[in-house]
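Content type TSV, C-alpha atoms, from the file start-v7.tsv:
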chain	number	residue	atom	x	y	z
A	23	ASP	CA	-53.48	8.00	97.15
A	24	ALA	CA	-50.98	7.62	94.34
A	25	GLY	CA	-52.40	8.02	90.89
A	26	ILE	CA	-53.06	10.31	88.00
A	27	THR	CA	-55.75	12.95	88.28
A	28	GLN	CA	-57.36	14.99	85.55
A	29	SER	CA	-59.46	18.09	86.08
A	30	PRO	CA	-62.05	19.11	85.31
A	31	ARG	CA	-63.96	15.92	84.44
A	32	TYR	CA	-66.43	17.88	82.31
A	33	LYS	CA	-66.12	21.26	80.64
A	34	ILE	CA	-68.36	23.24	78.33
A	35	THR	CA	-66.99	26.35	76.69
A	36	GLU	CA	-67.47	28.53	73.63
A	37	THR	CA	-65.45	28.82	70.46
A	38	GLY	CA	-62.55	31.23	70.73
A	39	ARG	CA	-62.15	30.79	74.48
A	40	GLN	CA	-58.95	29.59	76.07
A	41	VAL	CA	-59.28	26.47	78.19
A	42	THR	CA	-56.71	24.55	80.21
A	43	LEU	CA	-56.99	20.91	81.15
A	44	MET	CA	-54.97	19.81	84.14
A	45	CYS	CA	-53.11	16.58	84.75
A	46	HIS	CA	-51.30	15.61	87.93
A	47	GLN	CA	-49.46	12.37	88.73
A	48	THR	CA	-47.98	11.25	92.02
A	49	TRP	CA	-45.59	8.54	90.79
A	50	SER	CA	-42.81	10.87	89.57
A	51	HIS	CA	-43.00	9.17	86.19
A	52	SER	CA	-40.69	10.73	83.62
A	53	TYR	CA	-43.08	10.46	80.69
A	54	MET	CA	-46.45	12.11	80.38
A	55	PHE	CA	-48.85	12.09	77.44
A	56	TRP	CA	-51.99	13.82	76.22
A	57	TYR	CA	-54.44	11.99	73.96
A	58	ARG	CA	-57.79	12.79	72.48
A	59	GLN	CA	-60.35	10.08	71.86
A	60	ASP	CA	-62.97	10.46	69.16
A	61	LEU	CA	-65.34	7.98	67.57
A	62	GLY	CA	-63.81	6.59	64.41
A	63	HIS	CA	-60.31	7.79	65.28
A	64	GLY	CA	-59.44	5.86	68.39
A	65	LEU	CA	-56.82	7.39	70.66
A	66	ARG	CA	-54.59	10.02	69.09
A	67	LEU	CA	-51.49	11.51	70.68
A	68	ILE	CA	-51.47	15.30	70.98
A	69	TYR	CA	-48.26	16.01	72.89
A	70	TYR	CA	-45.89	14.15	75.14
A	71	SER	CA	-43.11	14.96	77.55
A	72	ALA	CA	-40.02	12.95	78.42
A	73	ALA	CA	-39.16	15.01	81.49
A	74	ALA	CA	-39.69	18.44	83.01
A	75	ASP	CA	-39.11	21.17	80.42
A	76	ILE	CA	-38.98	18.62	77.56
A	77	THR	CA	-42.05	18.36	75.35
A	78	ASP	CA	-42.66	17.10	71.84
A	79	LYS	CA	-45.47	17.01	69.32
A	80	GLY	CA	-47.59	13.96	68.71
A	81	GLU	CA	-49.92	13.13	65.86
A	82	VAL	CA	-52.40	16.02	66.25
A	83	PRO	CA	-50.71	18.99	68.01
A	84	ASP	CA	-52.26	21.91	66.09
A	85	GLY	CA	-54.29	24.25	68.29
A	86	TYR	CA	-52.82	22.91	71.55
A	87	VAL	CA	-50.04	24.09	73.85
A	88	VAL	CA	-48.39	22.19	76.69
A	89	SER	CA	-45.90	22.95	79.41
A	90	ARG	CA	-44.12	20.90	82.02
A	91	SER	CA	-42.38	23.02	84.60
A	92	LYS	CA	-42.72	20.29	87.25
A	93	THR	CA	-42.44	16.53	86.80
A	94	GLU	CA	-45.87	15.87	88.29
A	95	ASN	CA	-47.92	18.35	86.24
A	96	PHE	CA	-48.63	18.44	82.52
A	97	PRO	CA	-51.35	20.96	81.61
A	98	LEU	CA	-52.86	21.10	78.14
A	99	THR	CA	-54.13	24.45	76.83
A	100	LEU	CA	-56.43	25.12	73.93
A	101	GLU	CA	-55.52	28.70	73.11
A	102	SER	CA	-58.60	29.47	71.01
A	103	ALA	CA	-61.05	26.59	71.18
A	104	THR	CA	-62.77	25.34	68.04
A	105	ARG	CA	-65.73	22.97	67.68
A	106	SER	CA	-63.44	20.35	66.15
A	107	GLN	CA	-61.68	20.16	69.51
A	108	THR	CA	-64.79	18.76	71.18
A	109	SER	CA	-63.54	15.42	72.43
A	110	VAL	CA	-62.58	13.33	75.44
A	111	TYR	CA	-59.04	14.10	76.55
A	112	PHE	CA	-56.87	11.61	78.41
A	113	CYS	CA	-53.64	12.18	80.25
A	114	ALA	CA	-51.26	9.29	80.90
A	115	SER	CA	-47.86	8.72	82.47
A	116	SER	CA	-45.20	6.03	82.34
A	117	VAL	CA	-41.73	5.28	83.65
A	118	GLN	CA	-40.28	4.81	80.18
A	119	ALA	CA	-41.65	5.72	76.75
A	120	ASN	CA	-42.56	2.17	75.73
A	121	GLN	CA	-43.60	0.88	79.15
A	122	PRO	CA	-47.17	0.54	80.43
A	123	GLN	CA	-49.02	3.81	80.65
A	124	HIS	CA	-51.29	4.82	83.51
A	125	PHE	CA	-54.32	6.81	82.43
A	126	GLY	CA	-56.51	9.36	84.13
A	127	ASP	CA	-60.28	9.11	83.79
A	128	GLY	CA	-60.43	11.81	81.16
A	129	THR	CA	-61.93	15.25	80.61
A	130	ARG	CA	-65.02	15.44	78.44
A	131	LEU	CA	-64.77	18.79	76.64
A	132	SER	CA	-67.62	20.31	74.66
A	133	ILE	CA	-67.09	23.44	72.60
A	134	LEU	CA	-70.23	25.23	71.51
B	12	SER	CA	-51.76	6.70	60.48
B	13	GLN	CA	-52.57	3.95	62.96
B	14	GLN	CA	-49.80	1.51	63.80
B	15	GLY	CA	-52.15	-1.04	65.35
B	16	GLU	CA	-55.46	-2.15	63.93
B	17	GLU	CA	-57.83	-4.33	65.93
B	18	ASP	CA	-60.20	-6.87	64.52
B	19	PRO	CA	-63.12	-7.24	64.93
B	20	GLN	CA	-64.38	-3.74	65.70
B	21	ALA	CA	-67.15	-5.22	67.83
B	22	LEU	CA	-67.72	-8.63	69.37
B	23	SER	CA	-70.74	-9.92	71.29
B	24	ILE	CA	-70.65	-13.30	73.05
B	25	GLN	CA	-72.40	-15.20	75.83
B	26	GLU	CA	-71.04	-15.27	79.34
B	27	GLY	CA	-68.70	-18.21	79.80
B	28	GLU	CA	-67.55	-18.26	76.19
B	29	ASN	CA	-64.05	-17.31	75.08
B	30	ALA	CA	-63.36	-14.00	73.33
B	31	THR	CA	-60.56	-13.50	70.84
B	32	MET	CA	-59.41	-10.15	69.51
B	33	ASN	CA	-56.69	-9.54	66.97
B	34	CYS	CA	-54.24	-6.73	66.37
B	35	SER	CA	-52.09	-6.08	63.32
B	36	TYR	CA	-49.30	-3.54	63.10
B	37	LYS	CA	-46.99	-2.19	60.43
B	38	THR	CA	-43.45	-1.62	61.68
B	39	SER	CA	-40.91	-3.45	63.83
B	40	ILE	CA	-41.62	-3.18	67.54
B	41	ASN	CA	-39.96	-3.66	70.91
B	42	ASN	CA	-43.16	-4.67	72.62
B	43	LEU	CA	-46.92	-4.80	72.20
B	44	GLN	CA	-49.39	-3.98	74.94
B	45	TRP	CA	-53.08	-4.58	75.51
B	46	TYR	CA	-55.35	-2.21	77.42
B	47	ARG	CA	-58.97	-2.29	78.57
B	48	GLN	CA	-61.30	0.68	78.74
B	49	ASN	CA	-64.55	0.55	80.64
B	50	SER	CA	-67.26	3.00	79.65
B	51	GLY	CA	-66.48	6.51	80.87
B	52	ARG	CA	-63.08	5.57	82.28
B	53	GLY	CA	-59.45	5.75	81.26
B	54	LEU	CA	-57.50	2.88	79.74
B	55	VAL	CA	-56.07	0.25	82.05
B	56	HIS	CA	-52.96	-1.71	81.14
B	57	LEU	CA	-53.52	-5.48	80.93
B	58	ILE	CA	-50.43	-7.13	79.60
B	59	LEU	CA	-47.15	-6.43	77.77
B	60	ILE	CA	-45.47	-8.90	75.45
B	61	ARG	CA	-41.94	-8.33	74.19
B	62	SER	CA	-40.91	-8.86	70.59
B	63	ASN	CA	-38.86	-11.94	71.53
B	64	GLU	CA	-41.82	-13.59	73.28
B	65	ARG	CA	-44.46	-15.66	71.50
B	66	GLU	CA	-47.04	-16.15	74.22
B	67	LYS	CA	-47.87	-14.72	77.62
B	68	HIS	CA	-50.52	-15.47	80.20
B	69	SER	CA	-52.10	-13.43	82.97
B	70	GLY	CA	-55.04	-15.00	84.77
B	71	ARG	CA	-57.77	-15.55	82.15
B	72	LEU	CA	-55.82	-13.58	79.54
B	73	ARG	CA	-53.62	-15.16	76.92
B	74	VAL	CA	-51.68	-13.03	74.46
B	75	THR	CA	-49.79	-14.30	71.44
B	76	LEU	CA	-47.40	-12.41	69.22
B	77	ASP	CA	-46.28	-13.33	65.70
B	78	THR	CA	-43.64	-10.84	64.61
B	79	SER	CA	-43.31	-12.46	61.18
B	80	LYS	CA	-46.97	-11.64	60.50
B	81	LYS	CA	-46.90	-8.45	62.56
B	82	SER	CA	-49.93	-9.57	64.50
B	83	SER	CA	-51.08	-10.32	68.03
B	84	SER	CA	-54.15	-11.84	69.59
B	85	LEU	CA	-55.80	-11.43	72.98
B	86	LEU	CA	-57.84	-14.34	74.27
B	87	ILE	CA	-60.12	-13.94	77.27
B	88	THR	CA	-61.27	-17.30	78.57
B	89	ALA	CA	-64.48	-18.01	80.46
B	90	SER	CA	-65.78	-14.49	79.89
B	91	ARG	CA	-67.75	-12.62	82.55
B	92	ALA	CA	-70.14	-9.70	82.37
B	93	ALA	CA	-67.42	-7.54	83.94
B	94	ASP	CA	-65.23	-8.14	80.87
B	95	THR	CA	-67.57	-5.93	78.84
B	96	ALA	CA	-65.29	-3.10	77.69
B	97	SER	CA	-63.25	-1.85	74.77
B	98	TYR	CA	-59.86	-3.45	74.25
B	99	PHE	CA	-56.93	-1.70	72.60
B	100	CYS	CA	-53.55	-2.84	71.42
B	101	ALA	CA	-50.63	-0.44	71.50
B	102	THR	CA	-47.25	-0.73	69.87
B	103	ASP	CA	-43.98	1.11	70.21
B	104	ALA	CA	-42.29	1.63	66.87
B	105	GLN	CA	-38.59	0.98	67.43
B	106	GLY	CA	-36.83	4.21	68.32
B	107	ALA	CA	-40.04	6.10	68.98
B	108	GLN	CA	-40.71	7.64	72.40
B	109	LYS	CA	-44.39	6.84	72.37
B	110	LEU	CA	-47.05	4.21	71.89
B	111	VAL	CA	-49.51	4.11	69.03
B	112	PHE	CA	-52.96	2.77	69.85
B	113	GLY	CA	-55.38	0.98	67.57
B	114	GLN	CA	-59.05	1.91	67.35
B	115	GLY	CA	-60.09	-0.89	69.66
B	116	THR	CA	-62.49	-3.81	69.83
B	117	ARG	CA	-65.75	-3.29	71.68
B	118	LEU	CA	-66.53	-6.49	73.59
B	119	THR	CA	-70.00	-7.16	74.99
B	120	ILE	CA	-70.62	-10.13	77.25
B	121	ASN	CA	-74.27	-11.14	77.38
B	122	PRO	CA	-75.59	-12.79	80.55

Can you give me the file's structure in the form of structure tokens?
Amino acid sequence: DAGITQSPRYKITETGRQVTLMCHQTWSHSYMFWYRQDLGHGLRLIYYSAAADITDKGEVPDGYVVSRSKTENFPLTLESATRSQTSVYFCASSVQANQPQHFGDGTRLSIL
Amino acid sequence: SQQGEEDPQALSIQEGENATMNCSYKTSINNLQWYRQNSGRGLVHLILIRSNEREKHSGRLRVTLDTSKKSSSLLITASRAADTASYFCATDAQGAQKLVFGQGTRLTINP
């Protein structure tokens, strides 16, 4: 079925470890986004991508790395996880930057 | 900083009543969108209103936009238990390649 899939749904890891969150969409949307959602902060943009091989920083990019070698995939890597990165992470895609975004169901990440 | 701010932060009403949520923003926009988020799920797009539109309807949803006041409202009529969710507005600052989301309104519909 067409859609946007995030994996894993839940992840527990330790500080200092590298962890990669995966995002895959089947619509061939140009734009993809990574957000984190925390109580008191709402939804904050980490990184976004306008097309394959084009990425740009959002509001809170520090400590994160992204890549987009293929249109359908947009992985997010925490190179050395910190407790402050414990959050729920959402991936989204859209046809155009300011058009409706389609969200995955999120990855709940806990860093101990 | 947040572009959109929702008000109230939480709203609890009885089933069948109408629910109104408000969103204020700071800069000029091309459009404003409303999303719903059920517990444990991703956001779902509800409705988009362009800057040259004043009102838009979709089923039981009615959205208004006042660009002079930089504000929007979402009205849900004849609420149902299934409407219990968080509702977010999102705006696109003109020229920006992204949306900025508010912190949301948590709506609870009591049976």

Dump as a tab-separated table the rows for residues of chain A within 8 Å of chain B: closest atom pair and distance in Å with one decimal, all atoms listed in the file counted, ordered by chain and rising residue number.
residue	atom	partner	partner_atom	distance
A:Gly62	CA	B:Gln114	CA	7.3
A:His63	CA	B:Gln114	CA	6.4
A:Gly64	CA	B:Gln114	CA	4.1
A:Leu65	CA	B:Phe112	CA	6.1
A:Arg66	CA	B:Phe112	CA	7.5
A:Leu67	CA	B:Val111	CA	7.8
A:Tyr70	CA	B:Lys109	CA	8.0
A:Phe112	CA	B:Gly53	CA	7.0
A:Ala119	CA	B:Gln108	CA	4.8
A:Asn120	CA	B:Asp103	CA	5.8
A:Pro122	CA	B:His56	CA	6.3
A:Gln123	CA	B:His56	CA	6.8
A:His124	CA	B:Val55	CA	6.8
A:Phe125	CA	B:Gly53	CA	5.4
A:Gly126	CA	B:Gly53	CA	5.5
A:Asp127	CA	B:Gly53	CA	4.3
A:Gly128	CA	B:Gly53	CA	6.1

Would you kindly return, as a PDB file with C-alpha atoms, in the coordinates of the input, each protein, DNA or RNA residue with an atom no farther than 12 Å from any atom of Val87 (chain A), considering all atoms listed in the file and excluding same-chain residues fewer than 6 positions away?
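Contents of result_26.pdb, as written:
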ATOM      1  CA  GLN A  40     -58.950  29.590  76.070  1.00  0.00           C
ATOM      2  CA  VAL A  41     -59.280  26.470  78.190  1.00  0.00           C
ATOM      3  CA  THR A  42     -56.710  24.550  80.210  1.00  0.00           C
ATOM      4  CA  LEU A  43     -56.990  20.910  81.150  1.00  0.00           C
ATOM      5  CA  TRP A  56     -51.990  13.820  76.220  1.00  0.00           C
ATOM      6  CA  ILE A  68     -51.470  15.300  70.980  1.00  0.00           C
ATOM      7  CA  TYR A  69     -48.260  16.010  72.890  1.00  0.00           C
ATOM      8  CA  TYR A  70     -45.890  14.150  75.140  1.00  0.00           C
ATOM      9  CA  THR A  77     -42.050  18.360  75.350  1.00  0.00           C
ATOM     10  CA  ASP A  78     -42.660  17.100  71.840  1.00  0.00           C
ATOM     11  CA  LYS A  79     -45.470  17.010  69.320  1.00  0.00           C
ATOM     12  CA  GLY A  80     -47.590  13.960  68.710  1.00  0.00           C
ATOM     13  CA  PHE A  96     -48.630  18.440  82.520  1.00  0.00           C
ATOM     14  CA  PRO A  97     -51.350  20.960  81.610  1.00  0.00           C
ATOM     15  CA  LEU A  98     -52.860  21.100  78.140  1.00  0.00           C
ATOM     16  CA  THR A  99     -54.130  24.450  76.830  1.00  0.00           C
ATOM     17  CA  LEU A 100     -56.430  25.120  73.930  1.00  0.00           C
ATOM     18  CA  GLU A 101     -55.520  28.700  73.110  1.00  0.00           C
ATOM     19  CA  SER A 102     -58.600  29.470  71.010  1.00  0.00           C
ATOM     20  CA  ALA A 103     -61.050  26.590  71.180  1.00  0.00           C
TER      21      ALA A 103
END

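Pairwise distance (CA of Gly38 (chain A), CA of Ser109 (chain A)) equals 15.9 Å.
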
**Polymer residues at most 12 Å from Leu85 (chain B), all atoms listed in the file, same-chain spacing of 3 or more positions, as number ranges by chain** = B: 17-19, 29-35, 43-47, 57-60, 66-69, 71-76, 82, 88, 98-100, 115-116, 118

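Going from CA of Leu86 (chain B) to CA of Pro122 (chain B) covers 18.9 Å.
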
**Prompt:** What gap, in Å, lies between CA of Thr95 (chain B) and CA of Asn49 (chain B)?
**Reply:** 7.4 Å

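Nearest residue to Thr37 (chain A), choosing from A:Thr108, A:Ser91, A:Thr129, A:Ala114 and counting only C-alpha atoms: A:Thr108.
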
Can you pull out every residue within 12 Å of Ser106 (chain A), counting all atoms listed in the file, but drop anything in the same chain fewer than 4 positions away, and send it as a CSV table (one decimal) with C-alpha atoms, keeping the file's coordinate frame?
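Everything below was put into result-v5.csv:
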chain,number,residue,atom,x,y,z
A,36,GLU,CA,-67.5,28.5,73.6
A,37,THR,CA,-65.4,28.8,70.5
A,38,GLY,CA,-62.6,31.2,70.7
A,58,ARG,CA,-57.8,12.8,72.5
A,60,ASP,CA,-63.0,10.5,69.2
A,82,VAL,CA,-52.4,16.0,66.2
A,84,ASP,CA,-52.3,21.9,66.1
A,85,GLY,CA,-54.3,24.2,68.3
A,100,LEU,CA,-56.4,25.1,73.9
A,102,SER,CA,-58.6,29.5,71.0
A,110,VAL,CA,-62.6,13.3,75.4
A,131,LEU,CA,-64.8,18.8,76.6
A,132,SER,CA,-67.6,20.3,74.7
A,133,ILE,CA,-67.1,23.4,72.6
A,134,LEU,CA,-70.2,25.2,71.5

**Request:** Write out as a PyMOL selection string which residues come within 9 Å of Glu94 (chain A) when counting all atoms listed in the file, dropping same-chain ones fewer than 3 positions away.
**Result:** chain A and resi 45-52+54+74+90-91
